file run02.tsv (TSV, C-alpha atoms and all ligand atoms)
chain	number	residue	atom	x	y	z
A	1	MET	CA	-9.33	26.87	-0.56
A	2	GLN	CA	-7.61	27.58	-3.85
A	3	PHE	CA	-9.28	28.88	-7.00
A	4	SER	CA	-7.93	29.35	-10.45
A	5	LEU	CA	-9.44	29.90	-13.81
A	6	LEU	CA	-9.20	27.59	-16.81
A	7	GLU	CA	-10.37	28.64	-20.25
A	8	ILE	CA	-11.51	25.70	-22.32
A	9	GLU	CA	-13.39	26.18	-25.59
A	10	SER	CA	-14.74	29.49	-24.32
A	11	MET	CA	-16.01	27.88	-21.09
A	12	SER	CA	-14.84	29.62	-17.94
A	13	LEU	CA	-13.99	26.94	-15.40
A	14	LYS	CA	-12.66	27.17	-11.88
A	15	HIS	CA	-11.02	24.47	-9.89
A	16	GLU	CA	-11.52	24.27	-6.20
A	17	ALA	CA	-9.60	22.08	-3.75
A	18	VAL	CA	-11.81	19.68	-1.77
A	19	SER	CA	-11.96	20.47	1.93
A	20	GLN	CA	-14.20	19.50	4.83
A	21	GLN	CA	-16.28	22.59	3.98
A	22	ASN	CA	-17.21	21.86	0.37
A	23	LEU	CA	-17.77	18.09	0.32
A	24	THR	CA	-21.41	18.66	-0.56
A	25	ARG	CA	-20.25	20.12	-3.87
A	26	LEU	CA	-18.71	16.87	-5.08
A	27	PRO	CA	-20.53	15.88	-8.29
A	28	THR	CA	-23.88	14.15	-7.92
A	29	PHE	CA	-25.13	12.85	-11.21
A	30	ARG	CA	-26.90	9.56	-10.84
A	31	LEU	CA	-28.70	7.76	-8.13
A	32	PHE	CA	-26.92	6.98	-4.90
A	33	PRO	CA	-24.34	5.37	-4.48
A	34	TYR	CA	-22.66	6.19	-7.80
A	35	SER	CA	-22.24	9.96	-7.37
A	36	CYS	CA	-18.73	11.05	-6.40
A	37	ARG	CA	-20.18	12.59	-3.27
A	38	TYR	CA	-21.38	9.24	-1.95
A	39	CYS	CA	-18.91	6.92	-3.66
A	40	VAL	CA	-16.70	5.13	-1.14
A	41	TYR	CA	-15.38	2.52	-3.54
A	42	TRP	CA	-11.72	3.41	-2.94
A	43	GLU	CA	-12.09	4.38	0.69
A	44	SER	CA	-13.42	0.98	1.78
A	45	THR	CA	-13.14	-2.69	0.82
A	46	LYS	CA	-16.83	-3.45	1.34
A	47	ASN	CA	-18.56	-5.12	-1.58
A	48	PHE	CA	-19.49	-2.10	-3.72
A	49	ASP	CA	-22.85	-3.60	-4.70
A	50	GLU	CA	-23.90	-3.93	-1.06
A	51	LYS	CA	-24.70	-0.21	-1.08
A	52	VAL	CA	-23.45	1.47	2.07
A	53	PRO	CA	-26.33	3.61	3.45
A	54	GLN	CA	-26.09	7.23	2.26
A	55	SER	CA	-25.44	8.72	5.71
A	56	GLU	CA	-22.71	6.15	6.36
A	57	ALA	CA	-21.13	6.85	2.96
A	58	GLU	CA	-21.11	10.62	3.59
A	59	LYS	CA	-19.54	10.05	7.00
A	60	LEU	CA	-16.87	7.74	5.61
A	61	LYS	CA	-16.06	10.15	2.77
A	62	SER	CA	-15.82	13.04	5.20
A	63	GLU	CA	-13.55	11.08	7.58
A	64	TRP	CA	-11.39	9.98	4.64
A	65	PHE	CA	-10.88	13.59	3.54
A	66	LYS	CA	-10.20	14.77	7.09
A	67	ASN	CA	-7.55	12.10	7.63
A	68	THR	CA	-5.94	12.40	4.19
A	69	LEU	CA	-5.89	16.21	4.26
A	70	GLU	CA	-4.11	16.06	7.62
A	71	ARG	CA	-1.60	13.40	6.64
A	72	PHE	CA	-1.05	14.05	2.93
A	73	GLY	CA	-2.45	17.51	2.16
A	74	SER	CA	-4.58	18.44	-0.81
A	75	CYS	CA	-6.02	15.21	-2.25
A	76	GLY	CA	-8.82	16.23	-4.58
A	77	PHE	CA	-10.46	19.03	-6.48
A	78	ILE	CA	-13.70	19.88	-8.21
A	79	VAL	CA	-13.90	21.69	-11.54
A	80	CYS	CA	-16.85	24.10	-11.59
A	81	ARG	CA	-18.68	25.86	-14.40
A	82	ASN	CA	-20.85	28.55	-12.86
A	83	CYS	CA	-22.27	26.64	-9.87
A	84	ASP	CA	-22.15	23.26	-11.56
A	85	SER	CA	-19.48	20.67	-10.66
A	86	VAL	CA	-18.32	19.33	-14.04
A	87	GLY	CA	-15.13	17.49	-13.14
A	88	TYR	CA	-13.61	15.67	-10.20
A	89	ALA	CA	-10.14	14.38	-9.36
A	90	GLN	CA	-9.02	12.49	-6.24
A	91	PHE	CA	-5.52	11.27	-5.38
A	92	GLY	CA	-3.20	10.38	-2.49
A	93	LEU	CA	-0.57	7.90	-1.39
A	94	PRO	CA	-1.63	4.31	-2.17
A	95	LYS	CA	-1.94	3.50	1.56
A	96	PHE	CA	-5.00	5.78	1.75
A	97	PHE	CA	-6.93	3.60	-0.73
A	98	PRO	CA	-7.61	0.14	0.72
A	99	ARG	CA	-9.32	-1.01	-2.49
A	100	VAL	CA	-6.02	-1.05	-4.41
A	101	SER	CA	-5.22	-4.41	-2.79
A	102	GLU	CA	-7.95	-6.00	-4.95
A	103	TYR	CA	-6.32	-5.10	-8.27
A	104	SER	CA	-4.25	-7.87	-9.87
A	105	SER	CA	-2.00	-5.38	-11.67
A	106	GLY	CA	-1.12	-3.73	-8.37
A	107	PRO	CA	0.18	-2.80	-5.98
A	108	PRO	CA	0.90	0.83	-6.86
A	109	SER	CA	4.46	1.83	-5.99
A	110	ASP	CA	5.37	3.37	-2.65
A	111	ASP	CA	7.18	6.24	-4.41
A	112	ALA	CA	4.11	7.21	-6.46
A	113	VAL	CA	0.91	9.10	-5.76
A	114	PHE	CA	-2.16	7.10	-6.73
A	115	LEU	CA	-4.81	8.82	-8.86
A	116	SER	CA	-8.02	7.15	-7.71
A	117	CYS	CA	-10.49	9.14	-9.79
A	118	LEU	CA	-10.46	11.45	-12.80
A	119	TYR	CA	-13.97	12.04	-14.03
A	120	VAL	CA	-16.04	14.31	-16.26
A	121	PRO	CA	-19.57	13.16	-15.36
A	122	LYS	CA	-21.49	14.85	-18.20
A	123	ARG	CA	-20.97	13.11	-21.54
A	124	GLU	CA	-21.58	16.31	-23.48
A	125	LEU	CA	-18.59	17.94	-21.77
A	126	ARG	CA	-16.17	15.12	-22.55
A	127	GLY	CA	-13.61	15.42	-25.33
A	128	MET	CA	-13.24	19.19	-24.81
A	129	GLY	CA	-9.99	19.12	-22.86
A	130	ILE	CA	-11.29	19.11	-19.26
A	131	GLY	CA	-9.73	15.71	-18.46
A	132	LYS	CA	-6.37	16.72	-19.89
A	133	CYS	CA	-6.49	19.96	-17.92
A	134	MET	CA	-7.35	18.12	-14.67
A	135	LEU	CA	-4.46	15.71	-15.20
A	136	GLU	CA	-2.08	18.64	-15.73
A	137	ILE	CA	-3.31	20.25	-12.50
A	138	VAL	CA	-2.73	16.99	-10.56
A	139	GLU	CA	0.73	16.55	-12.05
A	140	SER	CA	1.93	20.11	-11.47
A	141	ASP	CA	0.57	20.12	-7.90
A	142	LEU	CA	2.36	16.85	-7.07
A	143	LEU	CA	5.59	17.93	-8.77
A	144	ARG	CA	5.57	21.15	-6.75
A	145	ARG	CA	5.10	19.11	-3.56
A	146	GLY	CA	8.14	16.96	-4.39
A	147	TYR	CA	6.51	13.73	-5.55
A	148	LYS	CA	8.26	11.86	-8.32
A	149	ALA	CA	5.55	9.83	-10.04
A	150	VAL	CA	1.82	9.31	-10.44
A	151	GLU	CA	0.15	5.94	-11.01
A	152	THR	CA	-3.37	4.70	-11.63
A	153	PHE	CA	-5.32	1.69	-12.85
A	154	ALA	CA	-6.57	2.58	-16.33
A	155	ARG	CA	-9.04	0.39	-18.16
A	156	LYS	CA	-8.37	-1.44	-21.39
A	157	GLY	CA	-11.17	-1.61	-23.94
A	158	SER	CA	-13.61	0.64	-22.05
A	159	GLU	CA	-13.60	4.06	-20.46
A	160	SER	CA	-15.86	2.92	-17.66
A	161	SER	CA	-13.53	2.89	-14.67
A	162	PRO	CA	-12.72	5.37	-11.89
A	163	ALA	CA	-9.69	6.84	-13.68
A	164	GLY	CA	-10.90	6.34	-17.26
A	165	PRO	CA	-9.47	4.54	-20.30
A	166	LEU	CA	-5.92	3.36	-20.98
A	167	GLU	CA	-5.74	5.35	-24.26
A	168	PHE	CA	-6.20	8.62	-22.38
A	169	TYR	CA	-3.19	7.89	-20.15
A	170	LEU	CA	-0.95	6.57	-22.94
A	171	LYS	CA	-1.69	9.81	-24.80
A	172	HIS	CA	-0.54	11.82	-21.80
A	173	GLY	CA	2.88	10.32	-21.17
A	174	PHE	CA	1.99	7.33	-18.98
A	175	SER	CA	3.32	3.85	-19.69
A	176	VAL	CA	2.12	0.45	-18.54
A	177	LYS	CA	4.04	-0.70	-15.48
A	178	ARG	CA	2.22	-3.98	-14.82
A	179	GLU	CA	-0.62	-5.67	-16.65
A	180	ARG	CA	-2.42	-8.70	-15.24
A	181	ASP	CA	-5.96	-8.02	-16.43
A	182	GLU	CA	-8.09	-5.28	-18.06
A	183	PHE	CA	-6.96	-2.72	-15.44
A	184	PRO	CA	-3.22	-2.25	-16.06
A	185	LEU	CA	-1.22	-0.16	-13.63
A	186	VAL	CA	0.11	2.88	-15.53
A	187	ARG	CA	2.81	5.26	-14.36
A	188	LYS	CA	4.22	8.63	-15.31
A	189	GLU	CA	7.42	10.14	-13.96
A	190	LEU	CA	6.57	13.71	-13.04
A	191	GLY	CA	8.29	16.51	-14.89
A	192	ARG	CA	8.44	14.50	-18.13
A	193	ARG	CA	6.17	15.13	-21.13
A	201	LIG	C1	-11.55	9.90	-19.24
A	201	LIG	C2	-11.99	11.35	-19.08
A	201	LIG	C3	-11.62	11.85	-17.68
A	201	LIG	C4	-11.21	12.21	-20.11
A	201	LIG	O1	-11.65	13.54	-19.97
A	201	LIG	P1	-12.07	14.36	-21.27
A	201	LIG	O2	-12.30	15.76	-20.86
A	201	LIG	O3	-13.16	13.67	-21.97
A	201	LIG	O4	-10.72	14.22	-22.14
A	201	LIG	P2	-9.99	15.33	-22.98
A	201	LIG	O5	-11.00	16.05	-23.80
A	201	LIG	O6	-9.14	16.17	-22.11
A	201	LIG	O7	-9.10	14.43	-23.93
A	201	LIG	C5	-7.71	14.56	-23.98
A	201	LIG	C6	-7.20	13.55	-24.98
A	201	LIG	O8	-7.50	12.21	-24.54
A	201	LIG	C7	-8.26	11.53	-25.51
A	201	LIG	N1	-9.34	10.75	-24.91
A	201	LIG	C8	-10.24	11.20	-24.01
A	201	LIG	N2	-11.12	10.21	-23.71
A	201	LIG	C9	-10.74	9.16	-24.47
A	201	LIG	C10	-11.27	7.85	-24.64
A	201	LIG	N3	-12.38	7.43	-23.98
A	201	LIG	N4	-10.65	7.01	-25.48
A	201	LIG	C11	-9.55	7.42	-26.17
A	201	LIG	N5	-9.01	8.65	-26.06
A	201	LIG	C12	-9.60	9.50	-25.22
A	201	LIG	C13	-8.88	12.63	-26.37
A	201	LIG	O9	-9.12	12.16	-27.68
A	201	LIG	C14	-7.85	13.72	-26.35
A	201	LIG	O10	-6.85	13.49	-27.32
A	201	LIG	P3	-6.33	14.69	-28.24
A	201	LIG	O11	-5.73	15.70	-27.29
A	201	LIG	O12	-5.35	14.04	-29.14
A	201	LIG	O13	-7.55	15.22	-28.92
A	201	LIG	C15	-13.51	11.53	-19.34
A	201	LIG	O14	-13.78	11.26	-20.69
A	201	LIG	C16	-14.39	10.67	-18.46
A	201	LIG	O15	-14.61	10.99	-17.31
A	201	LIG	N6	-14.93	9.57	-19.00
A	201	LIG	C17	-15.81	8.70	-18.24
A	201	LIG	C18	-15.00	7.69	-17.47
A	201	LIG	C19	-15.90	6.91	-16.54
A	201	LIG	O16	-16.88	6.34	-16.94
A	201	LIG	N7	-15.54	6.92	-15.27
A	201	LIG	C20	-16.32	6.27	-14.25
A	201	LIG	C21	-16.06	7.05	-12.98
A	201	LIG	S1	-16.71	6.22	-11.58
call {"tool": "encode", "arguments": {"input": "run02.tsv", "output": "structure tokens"}}
result
Amino acid sequence: MQFSLLEIESMSLKHEAVSQQNLTRLPTFRLFPYSCRYCVYWESTKNFDEKVPQSEAEKLKSEWFKNTLERFGSCGFIVCRNCDSVGYAQFGLPKFFPRVSEYSSGPPSDDAVFLSCLYVPKRELRGMGIGKCMLEIVESDLLRRGYKAVETFARKGSESSPAGPLEFYLKHGFSVKRERDEFPLVRKELGRR
């Protein structure tokens, strides 16, 4: 497990790679099934509103991490303030996320890593630079591992989506690759500002 310290607006934050051992520390913030810990939206193609039972969701999430860690390597991290999980990022090759097939602006490219989630659950902690910092961590990790691009579905006109709003990504060097509906596929070549 890797730790490093981020200093944002005098908050001391650590980021911690997700492993089989710390899955219980994924953010929980609202009722099941919307917490990151129990959310299997990307890991399955079941109707999200059908509500997979909690134990089944935990099992699926755990199996997803086991498989993706083995085949891809580090694929998520938690940002912690003291013992509180205040940010979460999850990513991997598009083939690890069956839900991508449902997006009209897809598919994500085979040469890109797909960012499935970038989230700061607490509203009062948004707009302070945590999201930008998480994106930089994802990008530098993937660049170091030899990947050439990162892609995600960002949302137009609302921030309510797994990766967040389009404006956030346009501000951080992404451009729209394909747009068929309110969830355009955006892409950034790694190593470019
Ligand atoms: C999108 C998100 C990850 C961004 O993280 P954040 O910590 O709030 O963003 P930052 O403070 O790092 O912002 C970086 C830049 O992006 C911009 N930005 C952030 N959120 C934005 C938004 N909603 N609309 C437009 N710009 C935005 C900021 O203004 C800032 O620009 P600046 O550097 O010029 O000041 C976070 O706001 C979030 O999780 N939102 C909720 C998304 C959601 O509902 N997800 C559902 C998950 S299931």
call {"tool": "closest_residue", "arguments": {"input": "run02.tsv", "among": "A:Gly164, A:Pro98, A:Gly73, A:Gly87", "to": "A:Lys46", "atoms": "only C-alpha atoms"}}
result
A:Pro98
call {"tool": "closest_residue", "arguments": {"input": "run02.tsv", "among": "A:Leu142, A:Leu26, A:Leu185, A:Leu190", "to": "A:Tyr119", "atoms": "only C-alpha atoms"}}
result
A:Leu26
call {"tool": "residues_around", "arguments": {"input": "run02.tsv", "residues": "A:Ser161", "least_positions_apart": "4", "cutoff": "9 Å", "atoms": "all atoms listed in the file", "output": "short mmCIF file (atom, residue, chain, number, x, y, z; two decimals) with C-alpha atoms, keeping the file's coordinate frame"}}
result
data_model
loop_
_atom_site.label_atom_id
_atom_site.label_comp_id
_atom_site.auth_asym_id
_atom_site.auth_seq_id
_atom_site.Cartn_x
_atom_site.Cartn_y
_atom_site.Cartn_z
CA CYS A 117 -10.49 9.14 -9.79
CA PHE A 153 -5.32 1.69 -12.85
CA ALA A 154 -6.57 2.58 -16.33
CA ARG A 155 -9.04 0.39 -18.16
CA PRO A 165 -9.47 4.54 -20.30
CA PHE A 183 -6.96 -2.72 -15.44
#
call {"tool": "residues_near_ligand", "arguments": {"input": "run02.tsv", "ligand": "ligand LIG 201 (chain A)", "cutoff": "6 Å", "atoms": "all atoms listed in the file", "output": "NGL selection string"}}
result
:A and (118-121 or 126-132 or 159-162 or 164-165 or 167-168)
call {"tool": "residues_around", "arguments": {"input": "run02.tsv", "residues": "A:Pro27", "least_positions_apart": "4", "cutoff": "9 Å", "atoms": "only C-alpha atoms", "output": "mmCIF file with C-alpha atoms, in the coordinates of the input"}}
result
data_model
loop_
_atom_site.group_PDB
_atom_site.id
_atom_site.type_symbol
_atom_site.label_atom_id
_atom_site.label_comp_id
_atom_site.auth_asym_id
_atom_site.auth_seq_id
_atom_site.Cartn_x
_atom_site.Cartn_y
_atom_site.Cartn_z
ATOM 1 C CA SER A 35 -22.240 9.960 -7.370
ATOM 2 C CA CYS A 36 -18.730 11.050 -6.400
ATOM 3 C CA ARG A 37 -20.180 12.590 -3.270
ATOM 4 C CA ILE A 78 -13.700 19.880 -8.210
ATOM 5 C CA ASP A 84 -22.150 23.260 -11.560
ATOM 6 C CA SER A 85 -19.480 20.670 -10.660
ATOM 7 C CA VAL A 86 -18.320 19.330 -14.040
ATOM 8 C CA GLY A 87 -15.130 17.490 -13.140
ATOM 9 C CA TYR A 88 -13.610 15.670 -10.200
ATOM 10 C CA PRO A 121 -19.570 13.160 -15.360
#
call {"tool": "residues_near_point", "arguments": {"input": "run02.tsv", "point": "(-18.0, 3.7, -2.0)", "cutoff": "10 Å", "atoms": "only C-alpha atoms", "output": "list in words"}}
result
Phe32, Pro33, Tyr34, Ser35, Cys36, Arg37, Tyr38, Cys39, Val40, Tyr41, Trp42, Glu43, Ser44, Thr45, Lys46, Asn47, Phe48, Asp49, Glu50, Lys51, Val52, Pro53, Gln54, Glu56, Ala57, Glu58, Leu60, Lys61 and Arg99 of chain A
call {"tool": "write_last_selection", "arguments": {"input": "run02.tsv", "atoms": "C-alpha atoms", "output": "mmCIF file, keeping the file's coordinate frame"}}
result
data_model
loop_
_atom_site.group_PDB
_atom_site.id
_atom_site.type_symbol
_atom_site.label_atom_id
_atom_site.label_comp_id
_atom_site.auth_asym_id
_atom_site.auth_seq_id
_atom_site.Cartn_x
_atom_site.Cartn_y
_atom_site.Cartn_z
ATOM 1 C CA PHE A 32 -26.920 6.980 -4.900
ATOM 2 C CA PRO A 33 -24.340 5.370 -4.480
ATOM 3 C CA TYR A 34 -22.660 6.190 -7.800
ATOM 4 C CA SER A 35 -22.240 9.960 -7.370
ATOM 5 C CA CYS A 36 -18.730 11.050 -6.400
ATOM 6 C CA ARG A 37 -20.180 12.590 -3.270
ATOM 7 C CA TYR A 38 -21.380 9.240 -1.950
ATOM 8 C CA CYS A 39 -18.910 6.920 -3.660
ATOM 9 C CA VAL A 40 -16.700 5.130 -1.140
ATOM 10 C CA TYR A 41 -15.380 2.520 -3.540
ATOM 11 C CA TRP A 42 -11.720 3.410 -2.940
ATOM 12 C CA GLU A 43 -12.090 4.380 0.690
ATOM 13 C CA SER A 44 -13.420 0.980 1.780
ATOM 14 C CA THR A 45 -13.140 -2.690 0.820
ATOM 15 C CA LYS A 46 -16.830 -3.450 1.340
ATOM 16 C CA ASN A 47 -18.560 -5.120 -1.580
ATOM 17 C CA PHE A 48 -19.490 -2.100 -3.720
ATOM 18 C CA ASP A 49 -22.850 -3.600 -4.700
ATOM 19 C CA GLU A 50 -23.900 -3.930 -1.060
ATOM 20 C CA LYS A 51 -24.700 -0.210 -1.080
ATOM 21 C CA VAL A 52 -23.450 1.470 2.070
ATOM 22 C CA PRO A 53 -26.330 3.610 3.450
ATOM 23 C CA GLN A 54 -26.090 7.230 2.260
ATOM 24 C CA GLU A 56 -22.710 6.150 6.360
ATOM 25 C CA ALA A 57 -21.130 6.850 2.960
ATOM 26 C CA GLU A 58 -21.110 10.620 3.590
ATOM 27 C CA LEU A 60 -16.870 7.740 5.610
ATOM 28 C CA LYS A 61 -16.060 10.150 2.770
ATOM 29 C CA ARG A 99 -9.320 -1.010 -2.490
#
call {"tool": "closest_residue", "arguments": {"input": "run02.tsv", "among": "A:Ser158, A:His15, A:Leu125, A:Glu151", "to": "A:Glu139", "atoms": "only C-alpha atoms"}}
result
A:Glu151
call {"tool": "residues_near_point", "arguments": {"input": "run02.tsv", "point": "(-17.7, 30.7, -7.1)", "cutoff": "8 Å", "atoms": "all atoms listed in the file", "output": "PyMOL selection string"}}
result
chain A and resi 14+82-83
call {"tool": "atom_distance", "arguments": {"input": "run02.tsv", "atom1": "atom CA of A:Gly106", "atom2": "atom CA of A:Glu179"}}
result
8.5 Å
call {"tool": "atom_distance", "arguments": {"input": "run02.tsv", "atom1": "atom CA of A:Tyr147", "atom2": "atom CA of A:Arg25"}}
result
27.6 Å
call {"tool": "closest_residue", "arguments": {"input": "run02.tsv", "among": "A:Glu189, A:Glu63, A:Glu124, A:Glu16", "to": "A:Gly173", "atoms": "all atoms listed in the file"}}
result
A:Glu189
call {"tool": "residues_around", "arguments": {"input": "run02.tsv", "residues": "A:Phe72", "least_positions_apart": "3", "cutoff": "9 Å", "atoms": "only C-alpha atoms", "output": "list in words"}}
result
Asn67, Thr68, Leu69, Cys75, Gly92 and Leu93 of chain A
